[in-house]
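Student: upload02.cif is reproduced below (mmCIF, N, CA and C atoms).
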```cif
data_query
loop_
_atom_site.label_atom_id
_atom_site.label_comp_id
_atom_site.auth_asym_id
_atom_site.auth_seq_id
_atom_site.Cartn_x
_atom_site.Cartn_y
_atom_site.Cartn_z
N MET L 283 94.78 32.98 -13.59
CA MET L 283 94.25 32.03 -12.63
C MET L 283 95.33 30.98 -12.35
N HIS L 284 95.46 30.64 -11.08
CA HIS L 284 96.39 29.58 -10.66
C HIS L 284 95.81 28.22 -11.03
N PRO L 285 96.63 27.18 -11.00
CA PRO L 285 96.13 25.85 -11.34
C PRO L 285 95.05 25.38 -10.36
N VAL L 286 94.09 24.65 -10.90
CA VAL L 286 93.07 23.96 -10.11
C VAL L 286 93.21 22.49 -10.48
N GLU L 287 93.44 21.65 -9.48
CA GLU L 287 93.68 20.23 -9.75
C GLU L 287 92.79 19.37 -8.88
N MET L 288 92.83 18.07 -9.13
CA MET L 288 92.00 17.14 -8.37
C MET L 288 92.86 16.31 -7.42
N GLY L 289 92.21 15.81 -6.38
CA GLY L 289 92.89 14.94 -5.44
C GLY L 289 91.90 14.20 -4.57
N ARG L 290 92.45 13.34 -3.73
CA ARG L 290 91.63 12.58 -2.79
C ARG L 290 91.89 13.08 -1.38
N VAL L 291 90.86 12.98 -0.56
CA VAL L 291 90.99 13.32 0.85
C VAL L 291 92.09 12.47 1.45
N GLY L 292 93.00 13.10 2.16
CA GLY L 292 94.09 12.39 2.83
C GLY L 292 95.39 12.36 2.05
N GLU L 293 95.35 12.63 0.74
CA GLU L 293 96.59 12.70 -0.03
C GLU L 293 97.32 13.99 0.34
N PRO L 294 98.64 13.96 0.38
CA PRO L 294 99.37 15.19 0.70
C PRO L 294 99.23 16.21 -0.43
N SER L 295 99.21 17.47 -0.03
CA SER L 295 99.17 18.58 -0.99
C SER L 295 100.39 19.45 -0.79
N PRO L 296 100.91 20.04 -1.84
CA PRO L 296 102.05 20.94 -1.68
C PRO L 296 101.68 22.14 -0.81
N PRO L 297 102.66 22.76 -0.18
CA PRO L 297 102.39 23.95 0.64
C PRO L 297 101.78 25.05 -0.23
N GLY L 298 100.87 25.80 0.37
CA GLY L 298 100.28 26.94 -0.33
C GLY L 298 99.08 26.61 -1.19
N VAL L 299 98.72 25.33 -1.27
CA VAL L 299 97.56 24.92 -2.06
C VAL L 299 96.31 24.99 -1.18
N TRP L 300 95.26 25.63 -1.67
CA TRP L 300 93.99 25.73 -0.97
C TRP L 300 93.21 24.45 -1.26
N ARG L 301 92.92 23.66 -0.22
CA ARG L 301 92.27 22.36 -0.38
C ARG L 301 90.77 22.50 -0.12
N VAL L 302 89.96 22.10 -1.13
CA VAL L 302 88.51 22.29 -1.07
C VAL L 302 87.82 20.94 -1.22
N LEU L 303 87.10 20.51 -0.20
CA LEU L 303 86.30 19.29 -0.28
C LEU L 303 85.02 19.62 -1.03
N VAL L 304 84.78 18.92 -2.15
CA VAL L 304 83.63 19.22 -3.00
C VAL L 304 82.61 18.09 -2.99
N ASP L 305 82.56 17.29 -1.94
CA ASP L 305 81.57 16.23 -1.78
C ASP L 305 80.36 16.78 -1.04
N ARG L 306 79.19 16.25 -1.33
CA ARG L 306 77.96 16.66 -0.64
C ARG L 306 77.94 16.13 0.79
N LEU L 307 78.48 14.91 0.99
CA LEU L 307 78.46 14.28 2.31
C LEU L 307 79.84 14.36 2.96
N TRP L 308 79.82 14.47 4.28
CA TRP L 308 81.07 14.44 5.05
C TRP L 308 81.67 13.04 4.90
N PRO L 309 82.96 12.93 4.64
CA PRO L 309 83.58 11.60 4.48
C PRO L 309 83.47 10.75 5.73
N ARG L 310 83.09 9.52 5.52
CA ARG L 310 82.93 8.56 6.61
C ARG L 310 84.25 8.36 7.35
N GLY L 311 84.18 8.38 8.66
CA GLY L 311 85.35 8.08 9.49
C GLY L 311 86.34 9.21 9.63
N VAL L 312 86.02 10.40 9.10
CA VAL L 312 86.94 11.54 9.20
C VAL L 312 86.42 12.49 10.28
N ARG L 313 87.28 12.79 11.22
CA ARG L 313 86.92 13.70 12.31
C ARG L 313 86.81 15.13 11.79
N LYS L 314 85.94 15.91 12.39
CA LYS L 314 85.74 17.30 11.99
C LYS L 314 87.01 18.13 12.14
N ASP L 315 87.87 17.76 13.08
CA ASP L 315 89.09 18.53 13.32
C ASP L 315 90.33 17.89 12.67
N ALA L 316 90.13 17.02 11.70
CA ALA L 316 91.26 16.30 11.08
C ALA L 316 92.17 17.22 10.28
N GLY L 317 91.65 18.33 9.78
CA GLY L 317 92.49 19.28 9.05
C GLY L 317 92.94 18.79 7.68
N LEU L 318 92.13 17.94 7.04
CA LEU L 318 92.52 17.39 5.74
C LEU L 318 92.18 18.31 4.57
N TRP L 319 91.43 19.36 4.82
CA TRP L 319 91.10 20.35 3.80
C TRP L 319 90.89 21.69 4.50
N ASP L 320 90.90 22.74 3.70
CA ASP L 320 90.76 24.09 4.24
C ASP L 320 89.31 24.54 4.31
N VAL L 321 88.50 24.07 3.36
CA VAL L 321 87.09 24.45 3.34
C VAL L 321 86.27 23.33 2.71
N TRP L 322 85.06 23.15 3.22
CA TRP L 322 84.11 22.19 2.68
C TRP L 322 83.08 22.97 1.89
N LEU L 323 82.86 22.63 0.63
CA LEU L 323 81.96 23.37 -0.24
C LEU L 323 80.90 22.42 -0.81
N PRO L 324 79.95 21.95 0.03
CA PRO L 324 78.96 20.99 -0.45
C PRO L 324 78.00 21.57 -1.49
N ASP L 325 77.86 22.91 -1.54
CA ASP L 325 76.93 23.53 -2.49
C ASP L 325 77.31 23.31 -3.94
N VAL L 326 78.57 23.00 -4.21
CA VAL L 326 79.00 22.78 -5.60
C VAL L 326 78.88 21.30 -6.00
N ALA L 327 78.60 20.45 -5.05
CA ALA L 327 78.52 19.01 -5.31
C ALA L 327 77.24 18.66 -6.06
N PRO L 328 77.24 17.51 -6.71
CA PRO L 328 76.00 17.04 -7.35
C PRO L 328 74.87 16.90 -6.32
N SER L 329 73.65 17.07 -6.77
CA SER L 329 72.51 16.91 -5.87
C SER L 329 72.48 15.48 -5.32
N SER L 330 71.79 15.29 -4.22
CA SER L 330 71.67 13.95 -3.64
C SER L 330 71.02 12.97 -4.60
N PRO L 331 69.92 13.35 -5.31
CA PRO L 331 69.36 12.40 -6.27
C PRO L 331 70.34 12.02 -7.38
N LEU L 332 71.10 12.97 -7.89
CA LEU L 332 72.07 12.65 -8.95
C LEU L 332 73.20 11.79 -8.39
N ARG L 333 73.66 12.11 -7.19
CA ARG L 333 74.72 11.32 -6.56
C ARG L 333 74.27 9.87 -6.38
N ARG L 334 73.04 9.68 -5.88
CA ARG L 334 72.53 8.32 -5.69
C ARG L 334 72.37 7.59 -7.03
N TRP L 335 71.88 8.30 -8.05
CA TRP L 335 71.72 7.70 -9.38
C TRP L 335 73.08 7.24 -9.92
N TYR L 336 74.09 8.10 -9.82
CA TYR L 336 75.41 7.75 -10.35
C TYR L 336 76.02 6.58 -9.56
N HIS L 337 75.79 6.56 -8.26
CA HIS L 337 76.29 5.45 -7.45
C HIS L 337 75.70 4.12 -7.94
N ALA L 338 74.44 4.13 -8.35
CA ALA L 338 73.77 2.93 -8.85
C ALA L 338 74.14 2.61 -10.30
N HIS L 339 74.68 3.60 -11.03
CA HIS L 339 75.02 3.44 -12.46
C HIS L 339 76.43 3.96 -12.73
N PRO L 340 77.46 3.41 -12.09
CA PRO L 340 78.81 3.96 -12.25
C PRO L 340 79.34 3.86 -13.69
N GLU L 341 78.76 2.99 -14.50
CA GLU L 341 79.20 2.87 -15.89
C GLU L 341 78.68 4.03 -16.75
N ALA L 342 77.76 4.82 -16.23
CA ALA L 342 77.11 5.88 -17.01
C ALA L 342 77.79 7.24 -16.79
N TRP L 343 79.11 7.27 -16.91
CA TRP L 343 79.88 8.50 -16.69
C TRP L 343 79.41 9.64 -17.59
N ALA L 344 79.22 9.38 -18.87
CA ALA L 344 78.84 10.44 -19.82
C ALA L 344 77.50 11.04 -19.44
N GLU L 345 76.55 10.21 -19.06
CA GLU L 345 75.23 10.71 -18.65
C GLU L 345 75.34 11.50 -17.35
N PHE L 346 76.14 11.01 -16.40
CA PHE L 346 76.37 11.76 -15.16
C PHE L 346 76.93 13.14 -15.47
N ARG L 347 77.94 13.18 -16.34
CA ARG L 347 78.58 14.44 -16.71
C ARG L 347 77.56 15.42 -17.27
N GLU L 348 76.72 14.97 -18.17
CA GLU L 348 75.71 15.85 -18.77
C GLU L 348 74.72 16.36 -17.73
N ARG L 349 74.23 15.47 -16.88
CA ARG L 349 73.27 15.87 -15.85
C ARG L 349 73.90 16.86 -14.87
N TYR L 350 75.13 16.58 -14.49
CA TYR L 350 75.80 17.46 -13.53
C TYR L 350 76.09 18.82 -14.14
N ARG L 351 76.48 18.86 -15.41
CA ARG L 351 76.70 20.16 -16.07
C ARG L 351 75.42 20.99 -16.04
N ARG L 352 74.27 20.35 -16.23
CA ARG L 352 73.00 21.09 -16.15
C ARG L 352 72.78 21.60 -14.73
N GLU L 353 73.11 20.77 -13.74
CA GLU L 353 72.95 21.21 -12.34
C GLU L 353 73.85 22.41 -12.02
N LEU L 354 74.99 22.49 -12.66
CA LEU L 354 75.91 23.59 -12.37
C LEU L 354 75.36 24.95 -12.82
N ASP L 355 74.29 24.96 -13.58
CA ASP L 355 73.63 26.21 -13.96
C ASP L 355 72.77 26.77 -12.84
N ASP L 356 72.50 25.96 -11.82
CA ASP L 356 71.73 26.40 -10.66
C ASP L 356 72.48 27.56 -9.98
N PRO L 357 71.77 28.63 -9.58
CA PRO L 357 72.46 29.80 -8.98
C PRO L 357 73.32 29.49 -7.77
N VAL L 358 72.88 28.56 -6.91
CA VAL L 358 73.67 28.23 -5.71
C VAL L 358 74.97 27.54 -6.12
N ARG L 359 74.89 26.59 -7.05
CA ARG L 359 76.10 25.92 -7.50
C ARG L 359 76.99 26.88 -8.29
N ARG L 360 76.39 27.75 -9.08
CA ARG L 360 77.16 28.74 -9.84
C ARG L 360 77.93 29.64 -8.89
N ALA L 361 77.31 30.06 -7.79
CA ALA L 361 77.99 30.91 -6.80
C ALA L 361 79.15 30.15 -6.15
N ALA L 362 78.95 28.86 -5.86
CA ALA L 362 80.03 28.06 -5.28
C ALA L 362 81.18 27.91 -6.27
N LEU L 363 80.87 27.72 -7.54
CA LEU L 363 81.90 27.64 -8.58
C LEU L 363 82.66 28.96 -8.67
N ASP L 364 81.95 30.07 -8.53
CA ASP L 364 82.60 31.39 -8.52
C ASP L 364 83.55 31.53 -7.34
N ARG L 365 83.21 30.93 -6.20
CA ARG L 365 84.11 30.97 -5.04
C ARG L 365 85.41 30.24 -5.35
N ILE L 366 85.30 29.08 -6.01
CA ILE L 366 86.50 28.33 -6.39
C ILE L 366 87.35 29.18 -7.32
N ARG L 367 86.72 29.82 -8.28
CA ARG L 367 87.44 30.67 -9.23
C ARG L 367 88.15 31.83 -8.50
N ALA L 368 87.49 32.41 -7.52
CA ALA L 368 88.09 33.51 -6.75
C ALA L 368 89.30 33.02 -5.97
N TRP L 369 89.17 31.85 -5.34
CA TRP L 369 90.32 31.30 -4.61
C TRP L 369 91.48 31.05 -5.56
N ALA L 370 91.17 30.53 -6.75
CA ALA L 370 92.23 30.22 -7.72
C ALA L 370 92.87 31.47 -8.28
N SER L 371 92.23 32.60 -8.14
CA SER L 371 92.89 33.85 -8.59
C SER L 371 93.99 34.25 -7.63
N ASP L 372 93.94 33.73 -6.39
CA ASP L 372 94.94 34.07 -5.36
C ASP L 372 96.02 33.01 -5.17
N ARG L 373 95.68 31.74 -5.42
CA ARG L 373 96.61 30.65 -5.10
C ARG L 373 96.17 29.37 -5.81
N PRO L 374 97.05 28.37 -5.89
CA PRO L 374 96.63 27.08 -6.45
C PRO L 374 95.54 26.45 -5.59
N VAL L 375 94.65 25.71 -6.23
CA VAL L 375 93.52 25.07 -5.55
C VAL L 375 93.52 23.59 -5.90
N ARG L 376 93.24 22.76 -4.90
CA ARG L 376 93.07 21.33 -5.13
C ARG L 376 91.66 20.95 -4.67
N LEU L 377 90.85 20.44 -5.61
CA LEU L 377 89.51 19.98 -5.31
C LEU L 377 89.59 18.53 -4.84
N LEU L 378 89.00 18.25 -3.68
CA LEU L 378 89.13 16.93 -3.06
C LEU L 378 87.81 16.20 -3.00
N THR L 379 87.90 14.89 -3.13
CA THR L 379 86.76 13.99 -2.94
C THR L 379 87.22 12.82 -2.09
N ALA L 380 86.26 12.24 -1.38
CA ALA L 380 86.56 11.02 -0.62
C ALA L 380 86.33 9.78 -1.48
N GLY L 381 85.82 9.97 -2.68
CA GLY L 381 85.56 8.84 -3.58
C GLY L 381 86.84 8.13 -3.96
N ARG L 382 86.69 6.87 -4.37
CA ARG L 382 87.86 6.04 -4.71
C ARG L 382 88.56 6.51 -5.98
N ASP L 383 87.81 7.06 -6.92
CA ASP L 383 88.37 7.40 -8.22
C ASP L 383 88.04 8.86 -8.58
N PRO L 384 88.88 9.80 -8.19
CA PRO L 384 88.59 11.21 -8.49
C PRO L 384 88.37 11.48 -9.98
N ALA L 385 89.01 10.70 -10.85
CA ALA L 385 88.85 10.92 -12.29
C ALA L 385 87.45 10.58 -12.78
N ARG L 386 86.68 9.82 -11.99
CA ARG L 386 85.30 9.47 -12.36
C ARG L 386 84.33 10.08 -11.35
N SER L 387 84.70 11.20 -10.78
CA SER L 387 83.87 11.89 -9.80
C SER L 387 83.36 13.20 -10.41
N GLN L 388 82.83 14.05 -9.58
CA GLN L 388 82.37 15.36 -10.05
C GLN L 388 83.52 16.31 -10.36
N ILE L 389 84.72 16.02 -9.88
CA ILE L 389 85.83 16.95 -10.03
C ILE L 389 86.20 17.22 -11.49
N PRO L 390 86.33 16.23 -12.37
CA PRO L 390 86.62 16.56 -13.77
C PRO L 390 85.56 17.46 -14.41
N VAL L 391 84.32 17.29 -14.00
CA VAL L 391 83.23 18.13 -14.53
C VAL L 391 83.40 19.56 -14.03
N LEU L 392 83.77 19.70 -12.76
CA LEU L 392 84.02 21.04 -12.22
C LEU L 392 85.20 21.70 -12.92
N LEU L 393 86.28 20.94 -13.14
CA LEU L 393 87.44 21.50 -13.84
C LEU L 393 87.06 21.93 -15.26
N GLU L 394 86.25 21.14 -15.92
CA GLU L 394 85.79 21.47 -17.26
C GLU L 394 84.94 22.75 -17.24
N ALA L 395 84.05 22.87 -16.26
CA ALA L 395 83.22 24.06 -16.15
C ALA L 395 84.06 25.31 -15.87
N LEU L 396 85.07 25.17 -15.03
CA LEU L 396 85.97 26.30 -14.74
C LEU L 396 86.72 26.72 -16.01
N ARG L 397 87.21 25.75 -16.77
CA ARG L 397 87.92 26.07 -18.03
C ARG L 397 86.98 26.74 -19.03
N ASP L 398 85.76 26.18 -19.18
CA ASP L 398 84.80 26.75 -20.11
C ASP L 398 84.44 28.18 -19.75
N ASP L 399 84.24 28.43 -18.45
CA ASP L 399 83.91 29.78 -17.99
C ASP L 399 85.05 30.75 -18.23
N ALA L 400 86.29 30.26 -18.09
CA ALA L 400 87.46 31.12 -18.30
C ALA L 400 87.59 31.53 -19.76
N ARG L 401 87.15 30.64 -20.65
CA ARG L 401 87.22 30.95 -22.08
C ARG L 401 86.18 31.98 -22.49
N GLY L 402 85.13 32.04 -21.69
CA GLY L 402 84.18 33.06 -21.85
C GLY L 402 83.02 33.06 -22.62
#
```
Could you spell out this file's structure in structure tokens?
Tutor:
Amino acid sequence: MHPVEMGRVGEPSPPGVWRVLVDRLWPRGVRKDAGLWDVWLPDVAPSSPLRRWYHAHPEAWAEFRERYRRELDDPVRRAALDRIRAWASDRPVRLLTAGRDPARSQIPVLLEALRDDARG
């Protein structure tokens, strides 16, 4: 599997990296034709209730992580995670968020789930 890394919408990516927006909502102020990512995958994002809860409790990272890991067992999210894994078998992938702090977003949880699944 090629590397899967995190980034923010609008940051430059090296050539050949498949850029995947993993936010549930379209980023504010970004045009549909901006070309800042290759594919939008909202199905892998946290549910709207979990997203709203975390927005109201940003200090509760550990609880968010646990809740989101449980959500990733949902068949729709599992299928979206499998799509990311398939893309990473062909090329490097960068998971993107419009959030201010990718390290405190859903992306580290997704990277952890991908690593755990790879271990088997």
Student: Would you pick out the contacts of region 302-318 of chain L at 10 Å or less, using only C-alpha atoms, so that residues sharing its chain but fewer than 4 positions from it are not included, and give the list as an NGL selection string?
Tutor: :L and (288-295 or 322-330 or 333 or 362 or 366 or 369 or 375-381 or 387-389 or 392)
Student: Which polymer residues have any atom within 6.5 Å of an atom of Arg373 (chain L), counting all atoms listed in the file, with same-chain residues fewer than 2 positions away left out, as a list in words?
Tutor: His284, Pro285, Gly298, Val299, Trp300, Trp369, Ala370, Ser371 and Val375 of chain L
Student: How far is it from CA of Arg386 (chain L) to CA of Ala338 (chain L), in Å with one decimal?
Tutor: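 About the pair CA of Arg386 (chain L) and CA of Ala338 (chain L): they are 13.7 Å apart.
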Student: Pick from L:Leu332, L:Leu396, L:Met283, L:Val391: nearest to Arg347 (chain L), with only C-alpha atoms counted?
Tutor: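 When distances to Arg347 (chain L) are compared using only C-alpha atoms, the smallest one comes from L:Val391.
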Student: One decimal, Å: what's the distance from CA of Glu353 (chain L) over to atom N of Pro331 (chain L), could you say?
Tutor: 11.0 Å
Student: Report, in Å with one decimal, the straight-line distance from atom C of Arg382 (chain L) to atom C of His337 (chain L).
Tutor: 13.2 Å
Student: Taking only N, CA and C atoms into account, name the residue in L:Ala368, L:Ala361, L:Ala344, L:Leu393 that is nearest to Val286 (chain L).
Tutor: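 Closest residue, counting only N, CA and C atoms: L:Leu393.
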Student: Would you give the centre and edge lengths, in Å to one decimal, of a box along x, y and z around the listed atoms of region 301-320 of chain L, with 8 Å added to each side, as JSON?
Tutor:
```
{"center_x": 85.4, "center_y": 16.3, "center_z": 5.2, "size_x": 31.0, "size_y": 32.5, "size_z": 32.3}
```
Student: Please give the complete set of residues from chain L that DSSP, run on the backbone, assigns to strand (DSSP E or B), formatted as a list in words.
Tutor: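 Result set for chain L (strand (DSSP E or B)): Val286, Glu287, Met288, Gly289, Arg290, Trp300, Arg301, Val302, Leu303, Val321, Trp322, Val375, Arg376, Leu377, Leu378 and Thr379 of chain L.
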Student: Those same residues - N, CA and C atoms - I'd like them written as a PDB file, in the frame of the given file.
Tutor:
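Generated file (result_36.pdb):
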```
ATOM      1  N   VAL L 286      94.090  24.650 -10.900  1.00  0.00           N
ATOM      2  CA  VAL L 286      93.070  23.960 -10.110  1.00  0.00           C
ATOM      3  C   VAL L 286      93.210  22.490 -10.480  1.00  0.00           C
ATOM      4  N   GLU L 287      93.440  21.650  -9.480  1.00  0.00           N
ATOM      5  CA  GLU L 287      93.680  20.230  -9.750  1.00  0.00           C
ATOM      6  C   GLU L 287      92.790  19.370  -8.880  1.00  0.00           C
ATOM      7  N   MET L 288      92.830  18.070  -9.130  1.00  0.00           N
ATOM      8  CA  MET L 288      92.000  17.140  -8.370  1.00  0.00           C
ATOM      9  C   MET L 288      92.860  16.310  -7.420  1.00  0.00           C
ATOM     10  N   GLY L 289      92.210  15.810  -6.380  1.00  0.00           N
ATOM     11  CA  GLY L 289      92.890  14.940  -5.440  1.00  0.00           C
ATOM     12  C   GLY L 289      91.900  14.200  -4.570  1.00  0.00           C
ATOM     13  N   ARG L 290      92.450  13.340  -3.730  1.00  0.00           N
ATOM     14  CA  ARG L 290      91.630  12.580  -2.790  1.00  0.00           C
ATOM     15  C   ARG L 290      91.890  13.080  -1.380  1.00  0.00           C
ATOM     16  N   TRP L 300      95.260  25.630  -1.670  1.00  0.00           N
ATOM     17  CA  TRP L 300      93.990  25.730  -0.970  1.00  0.00           C
ATOM     18  C   TRP L 300      93.210  24.450  -1.260  1.00  0.00           C
ATOM     19  N   ARG L 301      92.920  23.660  -0.220  1.00  0.00           N
ATOM     20  CA  ARG L 301      92.270  22.360  -0.380  1.00  0.00           C
ATOM     21  C   ARG L 301      90.770  22.500  -0.120  1.00  0.00           C
ATOM     22  N   VAL L 302      89.960  22.100  -1.130  1.00  0.00           N
ATOM     23  CA  VAL L 302      88.510  22.290  -1.070  1.00  0.00           C
ATOM     24  C   VAL L 302      87.820  20.940  -1.220  1.00  0.00           C
ATOM     25  N   LEU L 303      87.100  20.510  -0.200  1.00  0.00           N
ATOM     26  CA  LEU L 303      86.300  19.290  -0.280  1.00  0.00           C
ATOM     27  C   LEU L 303      85.020  19.620  -1.030  1.00  0.00           C
ATOM     28  N   VAL L 321      88.500  24.070   3.360  1.00  0.00           N
ATOM     29  CA  VAL L 321      87.090  24.450   3.340  1.00  0.00           C
ATOM     30  C   VAL L 321      86.270  23.330   2.710  1.00  0.00           C
ATOM     31  N   TRP L 322      85.060  23.150   3.220  1.00  0.00           N
ATOM     32  CA  TRP L 322      84.110  22.190   2.680  1.00  0.00           C
ATOM     33  C   TRP L 322      83.080  22.970   1.890  1.00  0.00           C
ATOM     34  N   VAL L 375      94.650  25.710  -6.230  1.00  0.00           N
ATOM     35  CA  VAL L 375      93.520  25.070  -5.550  1.00  0.00           C
ATOM     36  C   VAL L 375      93.520  23.590  -5.900  1.00  0.00           C
ATOM     37  N   ARG L 376      93.240  22.760  -4.900  1.00  0.00           N
ATOM     38  CA  ARG L 376      93.070  21.330  -5.130  1.00  0.00           C
ATOM     39  C   ARG L 376      91.660  20.950  -4.670  1.00  0.00           C
ATOM     40  N   LEU L 377      90.850  20.440  -5.610  1.00  0.00           N
ATOM     41  CA  LEU L 377      89.510  19.980  -5.310  1.00  0.00           C
ATOM     42  C   LEU L 377      89.590  18.530  -4.840  1.00  0.00           C
ATOM     43  N   LEU L 378      89.000  18.250  -3.680  1.00  0.00           N
ATOM     44  CA  LEU L 378      89.130  16.930  -3.060  1.00  0.00           C
ATOM     45  C   LEU L 378      87.810  16.200  -3.000  1.00  0.00           C
ATOM     46  N   THR L 379      87.900  14.890  -3.130  1.00  0.00           N
ATOM     47  CA  THR L 379      86.760  13.990  -2.940  1.00  0.00           C
ATOM     48  C   THR L 379      87.220  12.820  -2.090  1.00  0.00           C
TER      49      THR L 379
END
```
Student: Apply the PyMOL selection byres (((chain L and resi 354 and name CA) around 9) and name CA) to the file shown and report the selected residues as a ChimeraX atom specification.
Tutor: /L:326-328,349-353,355-360,363,392,395
